[in-house]
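Peer 1: Sharing a structure below in structure tokens format, with a few things to ask.
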Amino acid sequence: MRLLDLFETGRFLGEGAAMLNRHHPAWAMPYVSHLIWHRHLIVELDRSLDFDTAATAISEGEPCCG
């Protein structure tokens, strides 16, 4: 399963990170942050990013950096 598939219908960042690594969800956060940075995950940026931030994967589109 791809990490983006976990956020296909929307979910909290912490929930997705825990699904990726149950024992240490914080270790998954760099991968989640990478997807946010490259605009593959949409989040509301009017508050700080944490495990309770909702995120949704966007459909396949043009990457931001290439």
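Numbering starts fresh at 1 for the residues of each chain in the structure tokens, the chains themselves are lettered A, B, ... in the order given, and ligands are numbered from 1 as they appear.
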Run DSSP on the backbone and give me the residues of chain A it puts in strand (DSSP E or B), as JSON, numbers by chain.
Peer 2: {"A": [11, 12, 41, 42, 43, 54, 55, 56, 57]}
Peer 1: How about saving the chosen residues, C-alpha atoms kept, as a PDB file, in the first residue's frame?
Peer 2:
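The result, stored in again19.pdb:
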```
ATOM      1  CA  ARG A  11      -7.623  11.263   7.564  1.00  0.00           C
ATOM      2  CA  PHE A  12      -5.658  12.821  10.394  1.00  0.00           C
ATOM      3  CA  LEU A  41      -1.353  15.959   0.403  1.00  0.00           C
ATOM      4  CA  ILE A  42      -3.606  18.923   1.056  1.00  0.00           C
ATOM      5  CA  VAL A  43      -3.754  20.324   4.591  1.00  0.00           C
ATOM      6  CA  ALA A  54      -6.570  16.556   8.609  1.00  0.00           C
ATOM      7  CA  ALA A  55      -5.013  15.722   5.231  1.00  0.00           C
ATOM      8  CA  THR A  56      -6.353  14.529   1.915  1.00  0.00           C
ATOM      9  CA  ALA A  57      -4.414  13.131  -1.047  1.00  0.00           C
TER      10      ALA A  57
END
```
Peer 1: According to DSSP computed on the backbone, where in chain A is there helix (DSSP H, G or I)? Give the residues as a list in words.
Peer 2: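 The helix (DSSP H, G or I) residues within chain A come out as Leu3, Leu4, Asp5, Leu6, Leu13, Gly14, Glu15, Gly16, Ala17, Ala18, Met19, Leu20, Pro25, Ala26, Trp27, Ala28, Met29, Pro30, Tyr31, Val32, Ser33, His34, Leu35, Ile36 and Trp37 of chain A.
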Peer 1: Please provide as a list in words all residues within 9 Å of segment 20-34 of chain A, with the sequence filter that same-chain residues fewer than 5 positions apart are discarded (counting only C-alpha atoms).
Peer 2: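 Residues meeting the cut-off are Leu3, Leu4, Leu6, Leu13, Gly14, Glu15, Arg39, His40, Leu41 and Phe51 of chain A.
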Peer 1: Pull N, CA and C atoms from the residues just selected and write them as a compact mmCIF listing (two decimals), in the first residue's frame.
Peer 2:
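And here is the file that came out, part35.txt:
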```
# COMPACT_ATOMS: atom_id res chain seq x y z
N LEU A 3 1.69 5.21 0.71
CA LEU A 3 1.34 6.17 1.76
C LEU A 3 0.21 7.08 1.31
N LEU A 4 0.23 7.50 0.05
CA LEU A 4 -0.85 8.37 -0.45
C LEU A 4 -2.21 7.68 -0.38
N LEU A 6 -3.34 5.88 1.90
CA LEU A 6 -3.89 6.02 3.26
C LEU A 6 -4.70 7.30 3.42
N LEU A 13 -3.28 13.25 10.18
CA LEU A 13 -1.89 12.89 9.94
C LEU A 13 -1.42 11.81 10.91
N GLY A 14 -1.77 11.94 12.17
CA GLY A 14 -1.35 10.95 13.16
C GLY A 14 -1.92 9.57 12.88
N GLU A 15 -3.14 9.53 12.41
CA GLU A 15 -3.77 8.26 12.10
C GLU A 15 -3.06 7.58 10.93
N ARG A 39 3.01 18.92 -2.42
CA ARG A 39 1.59 19.13 -2.76
C ARG A 39 0.87 17.87 -3.23
N HIS A 40 1.23 16.74 -2.65
CA HIS A 40 0.50 15.51 -2.90
C HIS A 40 -0.56 15.30 -1.82
N LEU A 41 -0.36 15.95 -0.67
CA LEU A 41 -1.35 15.96 0.40
C LEU A 41 -1.77 17.40 0.64
N PHE A 51 -0.31 15.81 14.77
CA PHE A 51 -0.99 14.54 14.50
C PHE A 51 -2.49 14.72 14.30
```
Peer 1: Find the distance between atom CA of Ser59 of chain A and atom CA of Ala18 of chain A and write it in Å to one decimal.
Peer 2: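 Going from atom CA of Ser59 of chain A over to atom CA of Ala18 of chain A covers 22.6 Å.
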Peer 1: Provide the atom CA of Glu44 of chain A to atom CA of Glu8 of chain A distance in Å, to one decimal place.
Peer 2: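 Distance reported for this atom pair: 16.0 Å.
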